[in-house]
file upload.cif (mmCIF, C-alpha atoms)
data_work
loop_
_atom_site.label_atom_id
_atom_site.label_comp_id
_atom_site.auth_asym_id
_atom_site.auth_seq_id
_atom_site.Cartn_x
_atom_site.Cartn_y
_atom_site.Cartn_z
CA MET A 1216 50.60 -87.75 120.46
CA LEU A 1217 50.62 -84.93 117.88
CA PRO A 1218 54.31 -84.01 118.33
CA ILE A 1219 55.20 -87.68 117.80
CA LEU A 1220 53.22 -87.72 114.55
CA ILE A 1221 55.10 -84.65 113.31
CA ARG A 1222 58.45 -86.18 114.16
CA GLU A 1223 57.70 -89.54 112.52
CA LEU A 1224 55.70 -88.52 109.46
CA VAL A 1225 57.34 -85.21 108.54
CA GLU A 1226 60.88 -85.24 109.91
CA LYS A 1227 61.84 -88.91 109.68
CA LYS A 1228 59.77 -90.50 106.92
CA HIS A 1229 59.07 -87.39 104.79
CA TRP A 1230 55.62 -88.75 103.96
CA LEU A 1231 54.02 -85.37 104.61
CA THR A 1232 55.08 -81.74 104.53
CA GLU A 1233 54.78 -79.51 107.59
CA LYS A 1234 51.88 -77.70 105.94
CA GLU A 1235 50.01 -80.89 105.10
CA ILE A 1236 50.16 -82.19 108.66
CA MET A 1237 49.01 -78.83 110.06
CA ASP A 1238 46.04 -78.94 107.66
CA TYR A 1239 45.24 -82.47 108.80
CA PHE A 1240 45.35 -81.46 112.47
CA ALA A 1241 43.12 -78.47 111.77
CA ILE A 1242 40.59 -80.60 109.92
CA GLY A 1243 40.84 -83.25 112.64
CA GLN A 1244 39.75 -80.57 115.12
CA CYS A 1245 36.59 -79.89 113.17
CA THR A 1246 35.56 -83.35 112.02
CA PRO A 1247 34.23 -86.08 114.27
CA GLY A 1248 36.59 -88.50 115.89
CA VAL A 1249 40.05 -88.62 117.36
CA ILE A 1250 42.60 -86.26 115.76
CA ALA A 1251 45.47 -88.74 115.66
CA VAL A 1252 43.20 -91.27 113.96
CA ASN A 1253 42.05 -88.70 111.41
CA THR A 1254 45.67 -87.81 110.66
CA ALA A 1255 46.49 -91.48 110.10
CA THR A 1256 43.55 -91.83 107.71
CA PHE A 1257 44.65 -88.76 105.74
CA THR A 1258 48.26 -89.92 105.53
CA GLY A 1259 47.37 -93.46 104.47
CA ARG A 1260 45.00 -92.12 101.82
CA LYS A 1261 47.64 -89.78 100.45
CA MET A 1262 50.16 -92.62 100.12
CA ARG A 1263 47.98 -95.49 98.87
CA GLY A 1264 44.39 -94.34 98.33
CA ASN A 1265 41.36 -95.40 100.36
CA ILE A 1266 42.77 -98.83 101.27
CA GLY A 1267 45.90 -97.09 102.54
CA GLY A 1268 43.71 -94.84 104.68
CA ILE A 1269 42.01 -97.81 106.28
CA VAL A 1270 45.26 -99.72 106.82
CA ALA A 1271 46.99 -96.72 108.44
CA THR A 1272 43.98 -96.22 110.72
CA LEU A 1273 44.04 -99.83 111.87
CA GLY A 1274 47.78 -99.42 112.47
CA ILE A 1275 47.35 -96.47 114.80
CA VAL A 1276 44.69 -98.12 116.97
CA THR A 1277 46.36 -101.54 117.29
CA PRO A 1278 48.83 -100.63 120.08
CA SER A 1279 45.99 -99.11 122.10
CA ILE A 1280 43.87 -102.21 121.71
CA ILE A 1281 46.68 -104.50 122.90
CA LEU A 1282 47.98 -102.31 125.74
CA ILE A 1283 44.63 -101.24 127.13
CA THR A 1284 43.22 -104.77 126.97
CA VAL A 1285 46.16 -106.05 129.03
CA ILE A 1286 45.76 -103.26 131.60
CA ALA A 1287 41.99 -103.73 131.79
CA ALA A 1288 42.43 -107.47 132.31
CA LEU A 1289 45.03 -106.92 135.04
CA LEU A 1290 42.85 -104.35 136.81
CA LYS A 1291 39.84 -106.70 136.62
CA GLY A 1292 41.96 -109.46 138.14
CA PHE A 1293 43.08 -107.30 141.06
CA ALA A 1294 39.85 -105.34 141.47
CA ASP A 1295 39.26 -106.63 145.00
CA ASN A 1296 42.77 -105.91 146.21
CA VAL A 1297 42.70 -103.15 148.81
CA TYR A 1298 45.87 -101.47 147.50
CA VAL A 1299 44.45 -101.37 143.98
CA GLN A 1300 41.24 -99.88 145.36
CA ASP A 1301 43.15 -97.25 147.34
CA ALA A 1302 45.33 -96.38 144.36
CA LEU A 1303 42.28 -96.03 142.10
CA ALA A 1304 40.55 -93.77 144.65
CA GLY A 1305 43.59 -91.47 144.60
CA ILE A 1306 43.89 -91.69 140.82
CA ARG A 1307 40.25 -90.66 140.34
CA VAL A 1308 40.99 -87.45 142.25
CA ALA A 1309 44.05 -86.76 140.08
CA VAL A 1310 41.98 -87.36 136.94
CA CYS A 1311 39.39 -84.81 138.09
CA VAL A 1312 42.10 -82.18 138.36
CA LEU A 1313 43.52 -83.08 134.94
CA MET A 1314 40.04 -82.79 133.44
CA VAL A 1315 39.52 -79.39 135.03
CA ASN A 1316 42.86 -78.25 133.57
CA ALA A 1317 41.90 -79.52 130.13
CA ILE A 1318 38.52 -77.81 130.37
CA ILE A 1319 40.04 -74.45 131.34
CA LYS A 1320 42.23 -74.66 128.24
CA MET A 1321 39.33 -75.62 125.97
CA VAL A 1322 37.04 -72.92 127.36
CA LYS A 1323 39.65 -70.31 126.44
CA GLU A 1324 39.55 -71.50 122.83
CA ALA A 1325 35.83 -72.12 122.43
CA VAL A 1326 34.24 -69.34 124.46
CA VAL A 1327 35.22 -66.25 122.50
CA ASP A 1328 32.21 -63.94 122.83
CA LEU A 1329 28.76 -63.57 124.39
CA PRO A 1330 26.85 -66.09 122.23
CA THR A 1331 29.44 -68.82 122.79
CA LEU A 1332 29.44 -68.04 126.54
CA ILE A 1333 25.65 -68.45 126.64
CA MET A 1334 25.80 -71.68 124.64
CA TYR A 1335 28.56 -73.03 126.88
CA ILE A 1336 26.68 -72.34 130.12
CA ALA A 1337 23.35 -73.54 128.70
CA VAL A 1338 24.82 -76.82 127.44
CA PHE A 1339 26.63 -77.40 130.72
CA ILE A 1340 23.54 -76.85 132.88
CA PHE A 1341 21.00 -78.62 130.68
CA SER A 1342 23.17 -81.63 130.05
CA ALA A 1343 24.13 -81.94 133.73
CA PHE A 1344 20.50 -81.92 134.89
CA SER A 1345 18.37 -83.18 132.01
CA GLY A 1346 19.87 -86.50 130.96
CA LEU A 1347 19.29 -85.60 127.30
CA SER A 1348 21.64 -87.23 124.81
CA PRO A 1349 24.77 -85.18 124.02
CA ILE A 1350 23.84 -85.54 120.33
CA VAL A 1351 20.91 -83.16 120.86
CA PHE A 1352 23.24 -80.42 122.14
CA VAL A 1353 25.78 -80.96 119.37
CA ILE A 1354 23.16 -80.59 116.64
CA ALA A 1355 21.41 -77.65 118.35
CA CYS A 1356 24.65 -75.69 118.76
CA ALA A 1357 25.80 -76.37 115.19
CA ILE A 1358 22.49 -74.93 113.97
CA ALA A 1359 22.75 -72.04 116.44
CA GLY A 1360 26.27 -71.31 115.17
CA ILE A 1361 25.07 -71.14 111.57
CA LEU A 1362 22.11 -68.93 112.53
CA ILE A 1363 24.22 -66.53 114.62
CA LYS A 1364 27.06 -66.23 112.13
CA LEU A 1365 25.31 -66.43 108.76
CA VAL A 1366 21.69 -65.40 109.31
CA PHE A 1367 22.13 -62.70 111.95
CA LYS A 1368 25.61 -61.80 110.67
CA TYR A 1369 26.97 -61.60 114.21
CA LYS A 1370 30.59 -60.40 114.05
CA GLY A 1371 31.65 -60.63 117.68
CA ARG A 1372 35.19 -60.19 118.83
CA GLU A 1373 37.64 -61.00 116.07
CA LYS A 1374 39.98 -63.81 117.02
CA LYS A 1375 43.69 -63.05 116.77
CA MET B 151 22.82 -114.93 120.47
CA ASN B 152 22.29 -112.35 123.17
CA VAL B 153 25.98 -111.67 123.14
CA LEU B 154 25.89 -111.12 119.39
CA LEU B 155 23.08 -108.60 119.75
CA LEU B 156 24.95 -106.86 122.53
CA PHE B 157 28.06 -106.54 120.37
CA LEU B 158 25.97 -105.14 117.51
CA ARG B 159 24.40 -102.56 119.83
CA MET B 160 27.83 -101.75 121.22
CA PHE B 161 29.20 -101.13 117.73
CA PHE B 162 26.24 -98.84 117.04
CA GLU B 163 26.64 -96.91 120.32
CA PHE B 164 30.35 -96.33 119.68
CA PHE B 165 29.61 -95.43 116.06
CA LYS B 166 27.30 -92.68 117.39
CA THR B 167 30.04 -91.49 119.74
CA GLY B 168 32.56 -91.42 116.92
CA LEU B 169 30.13 -89.52 114.72
CA PHE B 170 29.17 -86.78 117.16
CA ALA B 171 32.20 -86.34 119.43
CA ILE B 172 33.99 -83.44 117.78
CA GLY B 173 37.27 -81.92 118.94
CA GLY B 174 39.58 -84.68 120.11
CA GLY B 175 39.76 -87.37 122.77
CA MET B 176 38.11 -85.64 125.74
CA ALA B 177 35.03 -85.01 123.59
CA THR B 178 34.18 -88.71 123.84
CA VAL B 179 33.79 -88.51 127.65
CA PRO B 180 30.27 -87.00 127.74
CA PHE B 181 29.05 -89.58 125.21
CA LEU B 182 30.51 -92.43 127.21
CA SER B 183 29.04 -91.04 130.41
CA SER B 184 25.58 -90.91 128.85
CA MET B 185 26.11 -94.37 127.33
CA GLY B 186 26.87 -95.78 130.79
CA ALA B 187 23.79 -94.15 132.31
CA GLU B 188 21.49 -95.36 129.52
CA THR B 189 22.69 -98.92 129.13
CA GLY B 190 23.99 -99.73 132.60
CA TRP B 191 27.11 -101.23 130.98
CA PHE B 192 29.43 -99.42 133.42
CA SER B 193 29.15 -96.98 136.33
CA SER B 194 30.46 -93.40 136.56
CA LYS B 195 33.04 -94.70 139.00
CA GLU B 196 34.32 -97.20 136.46
CA LEU B 197 34.32 -94.45 133.85
CA ALA B 198 36.60 -92.36 136.07
CA ASP B 199 39.03 -95.30 136.34
CA MET B 200 38.91 -95.76 132.57
CA ILE B 201 39.70 -92.09 131.97
CA ALA B 202 42.65 -92.43 134.33
CA VAL B 203 44.08 -95.43 132.50
CA SER B 204 43.48 -93.84 129.08
CA GLU B 205 45.23 -90.64 130.10
CA SER B 206 48.26 -92.41 131.48
CA THR B 207 48.91 -94.84 128.62
CA PRO B 208 50.28 -94.00 125.18
CA GLY B 209 47.88 -93.70 122.27
CA PRO B 210 44.97 -91.37 121.55
CA ILE B 211 42.74 -90.97 124.63
CA GLY B 212 39.52 -91.46 122.66
CA VAL B 213 40.70 -94.79 121.23
CA ASN B 214 42.01 -95.94 124.61
CA MET B 215 38.66 -95.12 126.20
CA ALA B 216 36.72 -97.06 123.59
CA THR B 217 39.01 -100.08 123.93
CA TYR B 218 38.73 -100.04 127.70
CA VAL B 219 34.97 -99.57 127.80
CA GLY B 220 34.54 -102.30 125.16
CA TYR B 221 36.65 -104.67 127.24
CA VAL B 222 34.66 -103.99 130.41
CA ILE B 223 31.32 -104.49 128.62
CA GLY B 224 32.44 -107.69 126.88
CA HIS B 225 34.01 -109.03 130.06
CA GLY B 226 30.78 -108.42 131.96
CA GLN B 227 29.02 -110.88 129.63
CA GLY B 228 31.31 -113.78 130.53
CA GLY B 229 30.12 -114.22 134.09
CA ALA B 230 32.29 -114.74 137.15
CA ASP B 231 32.33 -118.53 136.77
CA HIS B 232 34.01 -118.46 133.37
CA PRO B 233 37.07 -116.23 133.64
CA ALA B 234 38.59 -117.47 130.36
CA MET B 235 35.33 -116.86 128.47
CA ALA B 236 35.02 -113.41 130.07
CA GLY B 237 38.54 -112.60 128.96
CA ILE B 238 37.85 -113.61 125.35
CA LEU B 239 34.57 -111.68 125.24
CA GLY B 240 36.42 -108.72 126.73
CA VAL B 241 38.98 -108.74 123.92
CA ILE B 242 36.25 -109.03 121.27
CA GLY B 243 34.36 -106.18 122.95
CA ALA B 244 37.49 -104.02 122.97
CA ILE B 245 38.00 -104.55 119.23
CA ILE B 246 34.35 -103.95 118.32
CA ALA B 247 34.09 -100.76 120.39
CA THR B 248 37.28 -99.36 118.86
CA LEU B 249 36.18 -100.18 115.31
CA GLY B 250 32.79 -98.62 116.03
CA LEU B 251 34.43 -95.42 117.25
CA ILE B 252 36.77 -95.00 114.28
CA THR B 253 34.46 -96.11 111.44
CA PRO B 254 32.54 -92.81 111.06
CA SER B 255 35.67 -90.70 111.17
CA VAL B 256 37.42 -92.87 108.57
CA ILE B 257 34.46 -92.55 106.21
CA ILE B 258 34.21 -88.79 106.77
CA ILE B 259 37.93 -88.17 106.35
CA LEU B 260 38.09 -90.21 103.14
CA ILE B 261 35.28 -88.03 101.77
CA VAL B 262 36.62 -84.72 103.11
CA ALA B 263 40.09 -85.47 101.68
CA HIS B 264 38.64 -84.98 98.19
CA PHE B 265 37.90 -81.33 98.75
CA LEU B 266 40.33 -80.44 101.50
CA GLU B 267 40.78 -76.71 101.01
CA LYS B 268 37.14 -75.99 100.25
CA PHE B 269 36.07 -77.78 103.41
CA ARG B 270 38.19 -75.64 105.70
CA GLU B 271 37.17 -72.38 104.10
CA ASN B 272 33.48 -73.18 103.78
CA LYS B 273 31.55 -70.56 105.74
CA PHE B 274 28.88 -73.05 106.84
CA VAL B 275 31.51 -75.36 108.29
CA GLU B 276 33.13 -72.40 110.02
CA ALA B 277 29.84 -71.12 111.46
CA ALA B 278 28.74 -74.57 112.62
CA LEU B 279 32.11 -75.09 114.31
CA TYR B 280 31.73 -71.81 116.16
CA GLY B 281 28.68 -73.31 117.90
CA LEU B 282 30.06 -76.86 118.05
CA ARG B 283 33.17 -75.91 119.99
CA ALA B 284 31.05 -74.26 122.70
CA ALA B 285 28.74 -77.30 122.84
CA SER B 286 31.65 -79.71 123.03
CA VAL B 287 33.27 -77.91 125.97
CA GLY B 288 29.89 -77.50 127.69
CA LEU B 289 29.30 -81.26 127.43
CA ILE B 290 32.78 -82.09 128.67
CA THR B 291 32.33 -79.73 131.63
CA SER B 292 29.08 -81.40 132.50
CA ALA B 293 30.60 -84.89 132.27
CA ALA B 294 33.59 -83.79 134.34
CA PHE B 295 31.20 -82.29 136.88
CA SER B 296 29.53 -85.66 137.45
CA VAL B 297 32.89 -87.45 137.67
CA ILE B 298 34.06 -84.86 140.21
CA LEU B 299 30.90 -85.33 142.27
CA ILE B 300 31.54 -89.04 142.50
CA ALA B 301 35.33 -89.08 142.83
CA ILE B 302 35.74 -86.25 145.33
CA PHE B 303 32.39 -86.04 147.07
CA GLY B 304 31.14 -89.60 146.68
CA ILE B 305 27.80 -88.50 145.19
CA GLU B 306 26.51 -91.14 142.76
CA ASN B 307 23.67 -89.03 141.40
CA ILE B 308 23.00 -85.29 141.51
CA SER B 309 19.55 -85.83 142.99
CA LEU B 310 21.23 -87.59 145.92
CA TRP B 311 23.46 -84.66 146.78
CA GLN B 312 22.45 -84.89 150.44
CA SER B 313 24.46 -88.11 150.61
CA ALA B 314 27.72 -86.22 150.12
CA VAL B 315 30.49 -87.43 152.35
CA PHE B 316 32.94 -84.60 152.62
CA ASP B 317 35.94 -86.82 152.29
CA ILE B 318 38.59 -84.40 153.48
CA LYS B 319 41.46 -86.53 152.10
CA SER B 320 40.11 -86.39 148.54
CA ILE B 321 39.50 -82.65 148.74
CA ILE B 322 43.00 -81.90 150.04
CA LEU B 323 44.58 -84.14 147.40
CA ALA B 324 42.53 -82.43 144.67
CA VAL B 325 43.65 -78.97 145.82
CA VAL B 326 47.31 -80.04 146.08
CA ILE B 327 47.38 -81.56 142.59
CA PHE B 328 45.50 -78.59 141.16
CA VAL B 329 48.02 -76.11 142.56
CA MET B 330 50.97 -78.27 141.47
CA SER B 331 49.68 -78.75 137.95
CA ARG B 332 48.82 -75.11 137.35
CA TYR B 333 50.95 -72.77 139.41
CA ILE B 334 54.27 -74.35 140.39
CA PRO B 335 56.94 -73.56 137.77
CA LYS B 336 58.43 -76.62 136.02
CA VAL B 337 56.10 -78.97 137.91
CA LYS B 338 53.15 -77.71 135.91
CA ASP B 339 54.79 -78.93 132.68
CA TRP B 340 55.03 -82.52 133.91
CA HIS B 341 53.38 -85.22 131.89
CA PRO B 342 49.88 -86.06 133.26
CA ILE B 343 51.06 -89.53 134.22
CA PHE B 344 53.12 -88.06 137.08
CA PHE B 345 50.04 -86.49 138.65
CA ILE B 346 48.19 -89.76 138.22
CA LEU B 347 51.08 -91.57 139.96
CA ILE B 348 50.98 -89.03 142.80
CA GLY B 349 47.25 -89.73 143.08
CA ALA B 350 47.88 -93.47 143.22
CA ALA B 351 50.64 -93.12 145.85
CA CYS B 352 48.52 -90.84 148.06
CA GLY B 353 45.57 -93.20 147.63
CA ILE B 354 47.61 -96.11 148.99
CA ILE B 355 49.40 -94.14 151.74
CA PHE B 356 46.22 -92.54 153.07
CA HIS B 357 43.99 -95.55 152.42
CA MET B 358 41.60 -93.48 150.36
CA SER B 359 39.13 -96.14 149.24
CA GLY B 360 37.97 -96.29 152.86
CA SER B 361 36.95 -99.93 152.54
#
call {"tool": "encode", "arguments": {"input": "upload.cif", "output": "structure tokens"}}
result
Amino acid sequence: MLPILIRELVEKKHWLTEKEIMDYFAIGQCTPGVIAVNTATFTGRKMRGNIGGIVATLGIVTPSIILITVIAALLKGFADNVYVQDALAGIRVAVCVLMVNAIIKMVKEAVVDLPTLIMYIAVFIFSAFSGLSPIVFVIACAIAGILIKLVFKYKGREKK
Amino acid sequence: MNVLLLFLRMFFEFFKTGLFAIGGGMATVPFLSSMGAETGWFSSKELADMIAVSESTPGPIGVNMATYVGYVIGHGQGGADHPAMAGILGVIGAIIATLGLITPSVIIILIVAHFLEKFRENKFVEAALYGLRAASVGLITSAAFSVILIAIFGIENISLWQSAVFDIKSIILAVVIFVMSRYIPKVKDWHPIFFILIGAACGIIFHMSGS
């Protein structure tokens, strides 16, 4: 998705510079929501103000709404078909592997020192076994991050 | 009326997901998994199917997930006797869920855009993110863990781990795809959809649903 945004917005349309889109991706990483959606909001706002931001955002989600609705409807219609069931059973296994791959990549970026390793393992175990809302962990770790970095002045291993 | 209330609640639940899921599409998975468990709107098994479809279609995964989940919830309100009604409610559900997911991020981005540089260099933002990234990956790992339990070992709930059926076909397929997608040169750079297609083909050939 992100390479397509670069090609369309920077190289073809010249709506953004390379630096602007990199900033948007970076901020998308650290604000809530989907990065591609955030980038659309930024771009629309830059071109035509707040209304532009909203219009661009609706633009980027429309294909998903149409395509996914059609697929969901088709799958519902064929849910009892044995081939569909078999295919889905195999697909679920493939998805597990893809998730594990994605997680390995994310762990490498997020777990950079001892405190983040402890937070990672603690969140994993408590959320797997406690049934607490993910929101609790998100807020707790944001506070922990501020305490560790700013109150205790933990330096850790420098990244890069 | 009930349907209206349900759609309102759905918008609110997806709004929460959009507000707290930080770090891209996969970050929505733990929130959806907890939403399914709390509301009973969909099972973990359905969630696994929805992740599969979202990964293998174009568009941001987070948005695809919201659309799909919204469709399934809306559709469930129509009842089996009224397929046309179920379809319409499904489409409305898909739109509401997607709007719920993106509303908080649109508001936040429109605000953040005013002080772009300062936001990135703010030391509080940086310190909070340091913790948030670890939390986000921890939550995703935990959600993936429960999907893996159900998809590969057939365990619906951790407390029922004794019920595990060691489905040898699923385990072999998982190992094969894992090795292909990580260690085999060239193959490991394939688009995820190819691994999903391999999964589908093996599922049909080896009759993996077992029903």
call {"tool": "resolve_selection", "arguments": {"input": "upload.cif", "expression": "the PyMOL selection byres ((chain A and resi 1270) around 12)", "output": "ChimeraX atom specification"}}
result
/A:1252,1255-1260,1262-1269,1271-1277 /B:256
call {"tool": "atom_distance", "arguments": {"input": "upload.cif", "atom1": "CA of Gly168 in chain B", "atom2": "CA of Ser286 in chain B"}}
result
13.2 Å
call {"tool": "atom_distance", "arguments": {"input": "upload.cif", "atom1": "CA of Pro1349 in chain A", "atom2": "CA of Met215 in chain B"}}
result
17.2 Å
call {"tool": "resolve_selection", "arguments": {"input": "upload.cif", "expression": "the PyMOL selection byres ((chain B) within 6 of (chain A))", "output": "number ranges by chain"}}
result
B: 168-175, 198, 202, 209, 214, 217, 255, 277-278, 280-285, 288-289, 292, 298, 301, 324, 328, 346, 349-350, 353-354, 357-359
call {"tool": "closest_residue", "arguments": {"input": "upload.cif", "among": "A:Leu1329, A:Val1366, A:Met1237, A:Leu1289", "to": "Ile1221 in chain A", "atoms": "all atoms listed in the file"}}
result
A:Met1237
call {"tool": "residues_around", "arguments": {"input": "upload.cif", "residues": "Thr189 in chain B", "least_positions_apart": "3", "cutoff": "12 Å", "atoms": "all atoms listed in the file", "output": "list in words"}}
result
Leu156, Arg159, Met160, Glu163, Phe181, Leu182, Ser183, Ser184, Met185, Gly186, Phe192, Ser193 and Ile223 of chain B
call {"tool": "closest_residue", "arguments": {"input": "upload.cif", "among": "B:Ile305, B:Ile261, B:Ala216, B:Val275", "to": "Ala247 in chain B", "atoms": "all atoms listed in the file"}}
result
B:Ala216
call {"tool": "atom_distance", "arguments": {"input": "upload.cif", "atom1": "CA of Pro210 in chain B", "atom2": "CA of Thr1232 in chain A"}}
result
22.0 Å
call {"tool": "resolve_selection", "arguments": {"input": "upload.cif", "expression": "the PyMOL selection byres ((chain B and resi 154) around 12)", "output": "ChimeraX atom specification"}}
result
/B:151-153,155-161,224,227,239,242-243,246
